[in-house]
Amino acid sequence: MVKKKSCSSKCKTKKAAAQIASSEGQTPLDDPANITAISPELQTTSQGQLGFPDRVYLLASVIFQNNHLEKPAAHRLVNYGKERGLLLPEVKDDFMQRTAYELAFNTLKYQELLEDIMIDSCFYLTQIMPDDQMSLVAVMLYDFQDRKFLPWQRQGEDEIIQEVRDVESYLLRFKTKLAASLARCRIKHDLPSIECILPESVKMRQERSSSLPLHAWVNTLKSSLDEVQRVLKSAGFSQVKSVGQLEGETFCQDLHCGDILVFPAQLKAQLYSTKLLSNHKLIIQDKSCGLGPNAVCSLLPEDGDVLMVGSFSGLTVSHTASLIAAKHEANGKNQPTVYVCVGDCTSGQREELQQIVTAMGCKNVKLIPEDFQSLDKWGDKRLQKVRIILLTPKCSVSAVSNPVEFILQENGDTDLLQDLSQGSIAQSKLEALVAQQRKDIHHALKFPKVLAVVYSTCSSYPLENEEVVSRALEQANFRSEQEGEPKQANFRLSPSPFSILGHAEDPEETDPFFMLESSEESNGCFLAVLKREPEPEVKEAPHDVLVRANAKGILDRIGSKQLTRKEQRGHTNRMPKTTQAHTSVSSQSKTQETKGGNGTTLFGHQEFTDRQQPSQGQAKALRMQVLKNTVSSSFSFSKQESTSSSIKENNTPKKSITPVFNITTSTSTHPTTLLAPLARPRRAHQEVLKPVVLTLPPVHFPSFLPPQHSRTRFSPSFNYNKWRSPAPTVPRSRSSLPDAVVKSRPLF
């Protein structure tokens, strides 16, 4: 079939190939303006676009070899050899490295189309080349058709690699047949441009990547937001309110992160002219990388440190350190330490990270060379003050529109390039990523002194986002119940500061997960905040407080019902004789209580219902207070007894007599024994006494009284024709009697 297809291609003329080549749409690398903006080394001439240096092609071929899609033997058209995992050639220039990865990534996206062109044009069958060089052929073929099959032009001082020049000469000899094969493929599939052959998700990301605005955060260790804005305005930039208004030399402040400024994509060269980038005052970095540091800064307490775990760059570490340093410098506090776990990084990555942190002016960053899983959550002295963990694990980067640039800048997994070029992640790779994410978040939740864990990814798969967090919370809470850990060990989802910002009017309706959808304005990301539940307040019942206090002997055993027999005997022996005498008087006075019609006992305007009878201890305390009042007003008691006996003799109707004196209750201060846990006794209801007028019934005296009683004082309320009975002798001084008693005393 391949031979028949190649024979039919001979009927195609050079004119058809030229027409297809001239009508072919441009890719991002086709536009000379875009390439010039990427690097000043790439220029255009009247003959066409200059090619890349030989080392860029060689590096791109190795990247393609390690990541290309290997088909089954029955469907394999081009063999690239069996070698994988090759070491990348050393490239000191960051631009050359990034260009090589972009070239390899584009080749991966069009691998199927390029193989069809090589087979249809008979290039693969007629050119005898080793299989290990076919990766270089694929990379250079993509660049060849991308430049509309124009010959390469290089500068004289570029390094010459003979292997690259040999492949170049082969392609130039077959350029007409290669262009014709591409034309037939486009006619067959009705493709206005070769981008239309890509999956819809890949094509959409490619379109968004060309228009993504630049996000840059202000390094507060080198400058301030006001200073940066002032420099930009002096350089001709104007500030607008939103990203949708960005056009020309404009910038705006990000909606979620106040320290991030947004610029149009084509203004990178103008920003370098302000020297803000070269002086490390303004750092270009994707917005998704700045959300985590801002969340950590808002959650970190004054005396806490931060632990960073996962896949990130020195820029993310510097951003976190600068935000924390600026916050605590404003509060006059010592700068917290940002610990960075670099156990999974290579020596080159560690050295690069340290260089970036030093260049940014960060002095509160310390690297931990151990693996995160090997860190002792209990005994590591370095982590005793860590209160927040920023976890940015390796993820699928499926929510990023420019994955190559993002992976290179944030030390991501380059093995994902092949899957990202096809628009989906292989199930085996996705499961491996999720397993590592669960392992990391489970270990982060075990640190006993950590108050919150900030989990952030750049994935669009719920399997890496909501499901990982929800399952981690369930297992952490279940583990705490099984191991008997206190309640405060549990974690719960808490809305992030960015979620609350979007629902300022009603924060209760905020989603605990913050998700930023991929769009033309920014890449997508996911962020969740897992906060440790505060220690529950233990409200002890009143009777439990009494039990615990009486056990310690500090409250004189308040709240007990009764004394033991031994304590009662000792208590009775210790009472003074006067108190015992007064107790007998109190018992006599108690017999004079009267009861109302509803069964309520009236005793000095103090009411006790049948359902609220005082306890034994309260009754004793009540009687003791009655004794004190009785001694001071014994005259009134004697007078009442005399009056009562007189009423009984005359068979007058029985009336209730309200005492004039006030009777109050007090709590006994004598020790008692607590027999059982009891509730605190309820204090009896007290009423304020009011003065009353004592009216006694008329009393008849015999007519044979001696004349010396003629000077007896009459009461105004009595009958003036009757003599008043004399009061008994009071064995106390007049000064100790109440005013009411003194006024009613007869004068002799």
# chains A, B, ... in the order shown; residues from 1 in each chain; ligands from 1
>>> residues_around(residues="stretch 453-462 of chain A", least_positions_apart="5", cutoff="6 Å", atoms="only C-alpha atoms", output="list in words")
Ile388, Ile389, Leu390, Leu391, Thr392, Ser396, Val397, Ser398, Ala399, Cys525, Phe526, Leu527, Ala528, Val529 and Leu530 of chain A
>>> residues_around(residues="A:Lys241", least_positions_apart="3", cutoff="9 Å", atoms="only C-alpha atoms", output="short mmCIF file (atom, residue, chain, number, x, y, z; two decimals) with N, CA and C atoms, in the first residue's frame")
data_model
loop_
_atom_site.label_atom_id
_atom_site.label_comp_id
_atom_site.auth_asym_id
_atom_site.auth_seq_id
_atom_site.Cartn_x
_atom_site.Cartn_y
_atom_site.Cartn_z
N GLY A 244 -9.69 42.82 30.75
CA GLY A 244 -10.37 43.01 29.47
C GLY A 244 -10.05 44.34 28.81
N GLN A 245 -9.52 45.30 29.55
CA GLN A 245 -9.19 46.60 29.00
C GLN A 245 -7.73 46.73 28.58
N LEU A 246 -6.96 45.63 28.71
CA LEU A 246 -5.55 45.69 28.34
C LEU A 246 -5.41 45.82 26.83
N PHE A 251 -1.43 48.30 31.84
CA PHE A 251 -1.32 47.26 32.86
C PHE A 251 -2.46 47.45 33.84
N CYS A 252 -2.73 46.40 34.62
CA CYS A 252 -3.78 46.46 35.65
C CYS A 252 -3.37 45.59 36.82
N GLN A 253 -4.06 45.76 37.92
CA GLN A 253 -3.81 44.97 39.12
C GLN A 253 -4.70 43.74 39.10
#
>>> residues_around(residues="stretch 113-129 of chain A", least_positions_apart="3", cutoff="6 Å", atoms="only C-alpha atoms", output="list in words")
Ser6, Tyr110, Lys177, Leu178 and Ser181 of chain A
>>> write_last_selection(atoms="C-alpha atoms", output="PDB file, in the first residue's frame")
ATOM      1  CA  SER A   6       4.022   6.837  -3.363  1.00  0.00           C
ATOM      2  CA  TYR A 110       2.211  16.583  14.522  1.00  0.00           C
ATOM      3  CA  LYS A 177       8.049  15.780  -2.865  1.00  0.00           C
ATOM      4  CA  LEU A 178       7.645  16.658   0.808  1.00  0.00           C
ATOM      5  CA  SER A 181       2.755  15.086   0.215  1.00  0.00           C
TER       6      SER A 181
END
>>> atom_distance(atom1="atom CA of A:Leu416", atom2="atom CA of A:Val91")
21.2 Å
>>> residues_around(residues="stretch 339-350 of chain A", least_positions_apart="3", cutoff="8 Å", atoms="only C-alpha atoms", output="list in words")
Asp305, Val306, Leu307, Met308, Val309, Gly310, Val317, Leu353, Gln354, Val365, Lys366, Leu367, Ile368, Pro369, Glu370, Asp371, Phe372 and Asn411 of chain A
>>> residues_around(residues="A:Asp94", least_positions_apart="5", cutoff="10 Å", atoms="only C-alpha atoms", output="PyMOL selection string")
chain A and resi 99-100+408
>>> select_by_dssp(residues="stretch 53-302 of chain A", states="alpha helix (DSSP H)", output="PyMOL selection string")
chain A and resi 54-67+94-109+111-120+123-126+134-146+162-173+175-189+200-209+225-234+268-273+287-299
>>> atom_distance(atom1="atom CA of A:Glu159", atom2="atom CA of A:Asp93")
13.7 Å
>>> residues_around(residues="A:Lys377", least_positions_apart="2", cutoff="8 Å", atoms="only C-alpha atoms", output="number ranges by chain")
A: 375, 379-380, 383, 446-448
>>> write_last_selection(atoms="C-alpha atoms", output="compact mmCIF listing (two decimals), in the first residue's frame")
# COMPACT_ATOMS: atom_id res chain seq x y z
CA LEU A 375 10.78 13.99 57.74
CA GLY A 379 11.16 15.05 66.62
CA ASP A 380 12.57 17.25 63.84
CA LEU A 383 9.89 21.91 62.04
CA LYS A 446 0.04 14.16 60.30
CA PHE A 447 2.18 17.06 61.53
CA PRO A 448 0.77 17.80 65.01
>>> residues_around(residues="stretch 226-231 of chain A", least_positions_apart="5", cutoff="12 Å", atoms="only C-alpha atoms", output="PyMOL selection string")
chain A and resi 216-220+236-240+250-253+258-262+271+273-277+279-283
